[in-house]
>>> print(open('start05.cif').read())   # mmCIF, C-alpha atoms
data_my_file
loop_
_atom_site.label_atom_id
_atom_site.label_comp_id
_atom_site.auth_asym_id
_atom_site.auth_seq_id
_atom_site.Cartn_x
_atom_site.Cartn_y
_atom_site.Cartn_z
CA MET A 1 0.00 0.00 0.00
CA THR A 2 1.47 3.33 -1.07
CA GLY A 3 -1.34 5.87 -1.14
CA VAL A 4 -4.02 6.99 1.28
CA THR A 5 -6.55 9.79 1.13
CA VAL A 6 -9.44 10.88 3.33
CA SER A 7 -12.48 12.63 1.92
CA ALA A 8 -14.12 15.67 3.46
CA ASP A 9 -16.75 13.42 5.06
CA GLY A 10 -14.18 10.99 6.48
CA ARG A 11 -14.18 8.16 3.93
CA ILE A 12 -10.78 6.48 3.67
CA PHE A 13 -9.30 5.23 0.39
CA VAL A 14 -6.01 3.41 -0.23
CA ASN A 15 -4.20 2.01 -3.23
CA PHE A 16 -1.86 -0.86 -4.02
CA PRO A 17 0.59 -0.62 -6.96
CA ARG A 18 1.34 -3.68 -9.07
CA TRP A 19 5.04 -3.75 -8.18
CA THR A 20 6.06 -7.39 -7.91
CA GLU A 21 3.01 -9.32 -9.10
CA ASP A 22 -0.72 -8.95 -9.61
CA VAL A 23 -2.70 -7.42 -6.75
CA GLU A 24 -6.26 -8.35 -5.84
CA ILE A 25 -7.36 -4.72 -5.50
CA SER A 26 -5.71 -1.61 -6.94
CA VAL A 27 -7.98 0.98 -5.29
CA ALA A 28 -9.99 0.25 -2.17
CA GLU A 29 -12.30 2.02 0.22
CA LEU A 30 -11.86 0.96 3.83
CA VAL A 31 -15.28 0.06 5.21
CA ASP A 32 -15.15 -0.97 8.86
CA GLY A 33 -11.47 -1.75 8.31
CA VAL A 34 -12.15 -4.05 5.34
CA ARG A 35 -10.93 -3.30 1.82
CA GLN A 36 -13.70 -2.93 -0.75
CA PRO A 37 -12.76 -2.56 -4.45
CA TYR A 38 -13.47 1.00 -5.52
CA PRO A 39 -15.38 2.21 -7.44
CA ASN A 40 -16.18 -1.40 -8.34
CA ALA A 41 -14.60 -4.75 -9.10
CA GLU A 42 -14.63 -4.10 -12.85
CA TRP A 43 -12.26 -1.14 -12.66
CA ASN A 44 -9.97 -3.30 -10.52
CA GLY A 45 -10.12 -6.22 -12.95
CA TRP A 46 -6.94 -5.70 -15.02
CA SER A 47 -4.11 -8.19 -14.48
CA ASN A 48 -0.74 -9.00 -15.98
CA LEU A 49 -2.06 -12.44 -16.86
CA GLU A 50 -5.05 -11.11 -18.81
CA SER A 51 -3.48 -7.91 -20.10
CA ALA A 52 -4.19 -8.84 -23.73
CA GLU A 53 -7.91 -9.28 -23.06
CA VAL A 54 -8.63 -6.40 -20.65
CA SER A 55 -8.39 -2.78 -21.78
CA ALA A 56 -5.79 -0.66 -19.98
CA ALA A 57 -7.67 2.53 -20.88
CA ASP A 58 -10.65 1.88 -18.60
CA HIS A 59 -9.13 -0.33 -15.90
CA PHE A 60 -6.56 0.34 -13.19
CA VAL A 61 -3.17 -1.04 -14.27
CA ASN A 62 -0.68 0.09 -11.63
CA VAL A 63 -2.13 2.72 -9.34
CA GLN A 64 0.41 4.80 -7.43
CA SER A 65 -1.71 7.50 -5.80
CA VAL A 66 -5.26 8.38 -4.73
CA VAL A 67 -6.26 11.91 -3.78
CA ALA A 68 -9.61 13.30 -2.63
CA ASP A 69 -9.79 16.90 -3.85
CA GLY A 70 -12.11 18.21 -1.11
CA ASP A 71 -14.63 19.16 -3.77
CA GLY A 72 -16.51 15.89 -4.10
CA SER A 73 -14.13 13.84 -6.23
CA LEU A 74 -11.58 11.08 -5.74
CA TRP A 75 -8.76 11.15 -8.27
CA VAL A 76 -6.74 8.04 -9.11
CA LEU A 77 -3.27 8.39 -10.67
CA ASP A 78 -2.26 5.39 -12.77
CA PRO A 79 1.27 5.45 -14.27
CA ALA A 80 0.43 2.06 -15.87
CA ALA A 81 3.97 0.78 -15.43
CA PRO A 82 3.82 -2.56 -13.58
CA ALA A 83 6.98 -3.27 -11.56
CA THR A 84 7.93 0.38 -12.35
CA GLY A 85 8.98 -0.96 -15.76
CA PHE A 86 7.56 -0.58 -19.26
CA ILE A 87 4.37 1.42 -19.64
CA VAL A 88 1.31 -0.48 -20.82
CA ALA A 89 -0.07 1.14 -23.98
CA ASN A 90 -3.09 3.41 -23.39
CA GLY A 91 -2.70 2.91 -19.64
CA PRO A 92 -1.34 6.17 -18.12
CA LYS A 93 -4.26 8.24 -16.86
CA LEU A 94 -5.87 10.36 -14.20
CA VAL A 95 -9.31 9.04 -13.26
CA GLN A 96 -11.99 11.19 -11.60
CA ILE A 97 -14.63 9.45 -9.48
CA ASP A 98 -17.69 11.26 -8.13
CA LEU A 99 -17.88 10.43 -4.43
CA ALA A 100 -21.63 11.03 -4.26
CA SER A 101 -22.49 8.47 -6.93
CA ASP A 102 -19.29 6.37 -6.81
CA ASP A 103 -19.18 6.58 -10.60
CA VAL A 104 -16.21 7.31 -12.84
CA VAL A 105 -17.03 10.64 -14.46
CA ARG A 106 -13.82 11.39 -16.33
CA VAL A 107 -10.65 9.73 -17.57
CA ILE A 108 -7.78 12.00 -18.59
CA ALA A 109 -5.51 9.83 -20.72
CA PHE A 110 -1.83 10.68 -21.05
CA GLY A 111 -0.05 9.88 -24.30
CA PRO A 112 3.70 9.45 -24.82
CA ASP A 113 4.16 13.22 -24.92
CA VAL A 114 3.16 13.39 -21.25
CA ALA A 115 4.02 9.88 -20.05
CA PRO A 116 6.82 8.53 -22.26
CA GLN A 117 8.52 5.21 -21.64
CA GLY A 118 10.75 5.75 -18.62
CA SER A 119 8.18 7.88 -16.82
CA TYR A 120 6.44 6.88 -13.60
CA LEU A 121 3.63 9.23 -12.59
CA ASN A 122 3.91 9.30 -8.83
CA ASP A 123 1.72 11.76 -6.92
CA VAL A 124 -0.68 14.59 -7.65
CA ARG A 125 -2.08 17.77 -6.12
CA PHE A 126 -5.00 19.93 -7.26
CA SER A 127 -5.34 23.69 -7.30
CA PRO A 128 -8.10 25.02 -5.01
CA ASP A 129 -9.95 26.52 -7.97
CA GLY A 130 -10.05 23.14 -9.72
CA GLY A 131 -8.17 24.46 -12.71
CA HIS A 132 -4.93 22.48 -12.61
CA ALA A 133 -3.34 19.28 -11.41
CA TYR A 134 0.39 18.97 -10.67
CA ILE A 135 2.08 15.57 -10.94
CA THR A 136 5.57 14.35 -10.09
CA ASP A 137 7.37 11.92 -12.42
CA SER A 138 9.73 9.79 -10.34
CA GLY A 139 11.01 7.66 -13.21
CA PRO A 140 14.22 8.09 -15.21
CA ALA A 141 12.25 10.46 -17.46
CA ASP A 142 12.10 12.95 -14.60
CA ALA A 143 9.83 16.01 -14.75
CA LEU A 144 6.83 17.75 -13.30
CA ILE A 145 3.56 17.51 -15.22
CA VAL A 146 0.94 20.25 -15.33
CA VAL A 147 -2.59 19.28 -16.36
CA ASP A 148 -5.20 21.82 -17.42
CA LEU A 149 -8.31 20.21 -15.93
CA GLU A 150 -10.65 22.20 -18.15
CA THR A 151 -9.17 20.88 -21.39
CA GLY A 152 -7.52 17.69 -20.10
CA GLU A 153 -4.26 18.71 -21.74
CA GLY A 154 -1.04 17.85 -19.93
CA ARG A 155 2.52 18.98 -20.49
CA ARG A 156 5.90 18.22 -19.03
CA VAL A 157 7.93 20.99 -17.37
CA LEU A 158 11.40 21.16 -15.82
CA GLU A 159 12.45 18.01 -17.68
CA ASP A 160 15.93 16.92 -16.56
CA HIS A 161 16.19 19.96 -14.29
CA PHE A 162 18.32 19.33 -11.20
CA SER A 163 15.31 19.95 -8.95
CA VAL A 164 13.46 16.90 -10.29
CA ALA A 165 16.41 14.60 -10.97
CA VAL A 166 18.05 11.92 -8.83
CA ASP A 167 20.93 13.45 -6.88
CA PRO A 168 23.96 11.28 -7.74
CA ASP A 169 25.61 12.25 -4.47
CA VAL A 170 22.78 10.84 -2.35
CA ALA A 171 22.66 7.16 -1.36
CA VAL A 172 19.39 6.17 0.29
CA THR A 173 19.93 4.27 3.54
CA HIS A 174 17.81 2.71 6.24
CA ALA A 175 19.03 2.30 9.80
CA GLY A 176 22.46 3.30 8.53
CA GLU A 177 22.64 0.60 5.86
CA PRO A 178 22.48 1.38 2.11
CA VAL A 179 19.28 0.33 0.32
CA ARG A 180 20.66 -1.57 -2.68
CA ARG A 181 19.60 -4.28 -5.09
CA SER A 182 21.60 -7.47 -5.46
CA ASP A 183 23.36 -5.97 -8.50
CA ASN A 184 24.43 -3.02 -6.29
CA ARG A 185 21.99 -0.50 -7.75
CA GLY A 186 20.78 1.93 -5.12
CA ALA A 187 17.27 3.25 -4.61
CA ALA A 188 17.05 5.86 -7.37
CA PHE A 189 13.74 7.73 -7.58
CA ALA A 190 13.39 11.18 -9.13
CA ALA A 191 10.66 13.77 -8.42
CA ASP A 192 8.31 12.11 -5.96
CA SER A 193 7.40 14.22 -2.92
CA ILE A 194 4.85 16.96 -3.65
CA ALA A 195 2.77 19.47 -1.70
CA LEU A 196 0.67 22.50 -2.58
CA SER A 197 0.09 25.53 -0.38
CA GLN A 198 -3.47 26.03 0.86
CA ASP A 199 -3.93 29.06 -1.39
CA GLY A 200 -2.67 27.10 -4.39
CA GLU A 201 0.01 29.68 -5.17
CA THR A 202 3.14 27.66 -4.32
CA LEU A 203 4.07 24.11 -5.31
CA PHE A 204 6.70 22.21 -3.33
CA TRP A 205 8.47 19.03 -4.44
CA LYS A 206 11.70 17.07 -4.25
CA PRO A 207 13.29 13.94 -5.66
CA LEU A 208 13.07 10.98 -3.30
CA THR A 209 16.77 10.33 -3.93
CA GLY A 210 17.74 13.79 -2.86
CA THR A 211 17.67 15.94 0.25
CA THR A 212 16.68 19.42 -0.98
CA LEU A 213 13.14 20.80 -0.99
CA TYR A 214 12.21 23.01 -3.94
CA SER A 215 9.28 25.30 -4.74
CA ILE A 216 7.89 27.46 -7.51
CA ALA A 217 5.00 29.88 -7.92
CA THR A 218 2.23 27.98 -9.67
CA GLU A 219 1.57 30.94 -11.94
CA MET A 220 4.90 30.10 -13.59
CA LEU A 221 3.67 26.58 -14.30
CA ASP A 222 0.16 27.56 -15.40
CA ASP A 223 1.25 30.30 -17.82
CA LEU A 224 1.83 28.73 -21.23
CA SER A 225 3.74 31.81 -22.41
CA ARG A 226 6.61 31.18 -19.97
CA SER A 227 9.76 29.85 -21.60
CA VAL A 228 11.67 26.81 -20.39
CA ASP A 229 14.40 29.08 -19.08
CA GLU A 230 11.94 31.35 -17.26
CA VAL A 231 10.35 28.41 -15.47
CA ALA A 232 13.74 26.97 -14.53
CA ALA A 233 14.91 30.33 -13.18
CA ALA A 234 11.83 30.57 -10.94
CA VAL A 235 12.68 27.39 -8.98
CA LEU A 236 13.58 28.14 -5.36
CA ASP A 237 15.83 26.10 -3.07
CA ARG A 238 13.96 25.77 0.27
CA GLY A 239 16.71 23.97 2.15
CA GLU A 240 17.79 20.52 3.26
CA VAL A 241 15.08 18.21 4.61
CA GLY A 242 16.61 14.74 4.22
CA VAL A 243 15.46 11.79 2.12
CA THR A 244 11.65 11.84 1.93
CA ASP A 245 8.84 10.11 0.09
CA GLY A 246 5.47 11.77 0.78
CA LEU A 247 4.77 15.37 1.82
CA TRP A 248 1.68 16.90 3.41
CA MET A 249 0.91 20.60 3.74
CA ASP A 250 -1.27 21.49 6.73
CA GLY A 251 -3.47 24.54 7.20
CA ALA A 252 -0.71 26.42 9.01
CA GLY A 253 1.64 26.16 6.04
CA ARG A 254 3.83 23.49 7.62
CA ILE A 255 4.96 20.50 5.55
CA TYR A 256 5.03 17.03 7.07
CA LEU A 257 7.96 14.98 5.75
CA SER A 258 8.11 11.19 5.57
CA ASN A 259 11.66 10.52 6.72
CA VAL A 260 12.23 7.08 5.18
CA GLU A 261 15.78 6.58 6.45
CA ASP A 262 14.94 6.93 10.15
CA ASP A 263 11.37 5.55 10.46
CA ALA A 264 10.20 9.04 11.30
CA VAL A 265 7.88 11.91 10.49
CA ARG A 266 9.39 15.39 10.53
CA ARG A 267 7.90 18.82 9.88
CA TRP A 268 9.23 21.75 7.85
CA ALA A 269 8.19 25.26 8.83
CA ASP A 270 9.82 28.43 7.53
CA GLY A 271 12.99 26.56 6.64
CA GLU A 272 13.34 24.75 9.97
CA VAL A 273 12.89 20.97 10.30
CA SER A 274 11.73 19.36 13.54
CA LEU A 275 10.93 15.81 14.62
CA VAL A 276 7.22 14.98 14.99
CA LEU A 277 7.47 11.28 15.82
CA GLN A 278 9.79 8.32 15.38
CA ASP A 279 8.76 4.67 15.62
CA ASP A 280 10.48 1.58 14.23
CA ARG A 281 7.08 0.41 12.93
CA LEU A 282 7.12 3.32 10.44
CA ARG A 283 9.11 1.32 7.92
CA TRP A 284 9.35 3.66 4.93
CA PRO A 285 6.54 6.12 5.70
CA ASP A 286 5.13 6.93 2.29
CA THR A 287 1.95 8.97 1.79
CA PHE A 288 0.06 11.33 4.11
CA SER A 289 -3.53 12.47 4.25
CA GLU A 290 -5.47 14.49 6.79
CA GLY A 291 -8.97 13.69 7.95
CA PRO A 292 -11.68 16.27 8.65
CA ASP A 293 -10.97 15.87 12.39
CA GLY A 294 -7.30 16.82 11.94
CA VAL A 295 -5.96 13.29 12.36
CA ILE A 296 -3.11 12.57 9.94
CA TYR A 297 -2.88 9.20 8.21
CA VAL A 298 0.34 7.75 6.81
CA THR A 299 1.11 4.55 4.93
CA THR A 300 4.26 2.51 5.43
CA SER A 301 5.15 0.88 2.12
CA ARG A 302 8.27 -0.92 3.41
CA ILE A 303 10.13 -0.42 0.15
CA MET A 304 13.46 -1.31 1.75
CA ASP A 305 12.00 -4.72 2.72
CA MET A 306 10.83 -5.60 -0.77
CA PRO A 307 12.53 -8.47 -2.63
CA TRP A 308 14.04 -5.86 -4.95
CA TYR A 309 16.39 -5.02 -2.10
CA LYS A 310 16.06 -8.14 0.08
CA PRO A 311 15.72 -11.14 -2.27
CA GLU A 312 15.20 -13.45 0.71
CA ASN A 313 11.89 -11.75 1.52
CA PRO A 314 8.54 -12.89 0.07
CA ARG A 315 7.24 -11.18 -3.06
CA ILE A 316 4.37 -9.69 -1.06
CA VAL A 317 5.38 -7.69 2.01
CA ALA A 318 2.66 -6.71 4.47
CA THR A 319 2.12 -2.95 4.74
CA THR A 320 0.25 -0.87 7.28
CA LEU A 321 -1.87 2.28 7.54
CA TRP A 322 -1.21 4.40 10.63
CA SER A 323 -2.69 7.56 12.08
CA PHE A 324 -1.55 10.16 14.60
CA GLU A 325 -2.79 13.41 16.09
CA PRO A 326 -0.31 16.23 15.40
CA GLN A 327 0.78 18.43 18.23
CA ASP A 328 1.55 22.13 17.88
#
>>> encode(input="start05.cif", output="structure tokens")
Amino acid sequence: MTGVTVSADGRIFVNFPRWTEDVEISVAELVDGVRQPYPNAEWNGWSNLESAEVSAADHFVNVQSVVADGDGSLWVLDPAAPATGFIVANGPKLVQIDLASDDVVRVIAFGPDVAPQGSYLNDVRFSPDGGHAYITDSGPADALIVVDLETGEGRRVLEDHFSVAVDPDVAVTHAGEPVRRSDNRGAAFAADSIALSQDGETLFWKPLTGTTLYSIATEMLDDLSRSVDEVAAAVLDRGEVGVTDGLWMDGAGRIYLSNVEDDAVRRWADGEVSLVLQDDRLRWPDTFSEGPDGVIYVTTSRIMDMPWYKPENPRIVATTLWSFEPQD
């Protein structure tokens, strides 16, 4: 389980990417603690085994993120790259589900111009006015993606910019030990972490394999007249925050950081980073969401325990959803 999101009325949704083998459910609603396929079993019916018979365009292939927009919709981000490998044709998409009817109301498909081979659409945030979506691409084809939600058109920005790329000087560790595959490849993930200010005016992001937080004014991303150089020049360095996966922006403008190397959650505020909690059960804290009661939820995807990095482990590693009440 990588993603979690909580709707304005307290419904909890999670997702399971197809990383090592087929999963029973890609997107689920938790009902009394039990996973229910969402929005239905049909949308969750794609599999590697039956990929030739089941359309990737209208089924979940490899869901990485779910986000409730606070305006009545659940959005599902599908990079359609099982095992973070080759993209399944016609699979990359952003799916909008109406939470009142539980029906899919829109599918924004991404072609190779937005999601080329080598991309891995990772996480998404939505502007408060409903005009734009901002997506991180954590694959080798690193970039940010801006989607005009009125037209459904997407475009890649900051491609190969240092702010979205893997930092070659950073080696991801856990408990002081490097996270490496059997062939000695380290954990190399580009732009992954993402957060949007409450007013929608500032986007924050960082590569997972990196330690620097970056931001930009969203007007620079939304304005089609801005040149590549103008956008690149508008990127701001917001300081060192460590190796992180998910980010969450609270109402006070503070960013919660999933500190994957130390089983911890930290918080960034005005350039200062402080420890919120640390627990050895938080094995690779991944995605955050905040409920209407202020409780913060976080998944632990245990990426360092996967057979990619520990071949002796089973192909399916149990993951957990946690919650905590933040303290000021």
>>> residues_near_point(input="start05.cif", point="(-16.8, 17.8, 1.7)", cutoff="12 Å", atoms="only C-alpha atoms", output="ChimeraX atom specification")
/A:6-11,68-74,98-100,291-292
>>> axis_aligned_box(input="start05.cif", around="segment 267-281 of chain A", padding_each_side="8 Å", output="lines of an AutoDock Vina configuration file")
center_x = 10.2
center_y = 14.4
center_z = 11.2
size_x = 22.3
size_y = 44.0
size_z = 25.2
>>> closest_residue(input="start05.cif", among="A:Val295, A:Leu77, A:Val235, A:Ala28", to="Val164 of chain A", atoms="only C-alpha atoms")
A:Val235
>>> closest_residue(input="start05.cif", among="A:Thr20, A:Ser193, A:Ser65, A:Thr136", to="Pro82 of chain A", atoms="all atoms listed in the file")
A:Thr20
>>> closest_residue(input="start05.cif", among="A:Ser323, A:Gln36, A:Asn62, A:Ser101", to="Leu121 of chain A", atoms="all atoms listed in the file")
A:Asn62
>>> atom_distance(input="start05.cif", atom1="atom CA of Tyr309 of chain A", atom2="atom CA of Arg180 of chain A")
5.5 Å
>>> residues_near_point(input="start05.cif", point="(-1.7, 21.6, -18.0)", cutoff="6 Å", atoms="all atoms listed in the file", output="PyMOL selection string")
chain A and resi 146-148+153-155
>>> residues_around(input="start05.cif", residues="Glu24 of chain A", least_positions_apart="3", cutoff="9 Å", atoms="all atoms listed in the file", output="PDB file with C-alpha atoms, in the coordinates of the input")
ATOM      1  CA  PHE A  16      -1.860  -0.860  -4.020  1.00  0.00           C
ATOM      2  CA  PRO A  37     -12.760  -2.560  -4.450  1.00  0.00           C
ATOM      3  CA  ASN A  44      -9.970  -3.300 -10.520  1.00  0.00           C
ATOM      4  CA  GLY A  45     -10.120  -6.220 -12.950  1.00  0.00           C
ATOM      5  CA  SER A  47      -4.110  -8.190 -14.480  1.00  0.00           C
TER       6      SER A  47
END
>>> atom_distance(input="start05.cif", atom1="atom CA of Phe13 of chain A", atom2="atom CA of Asn40 of chain A")
12.9 Å
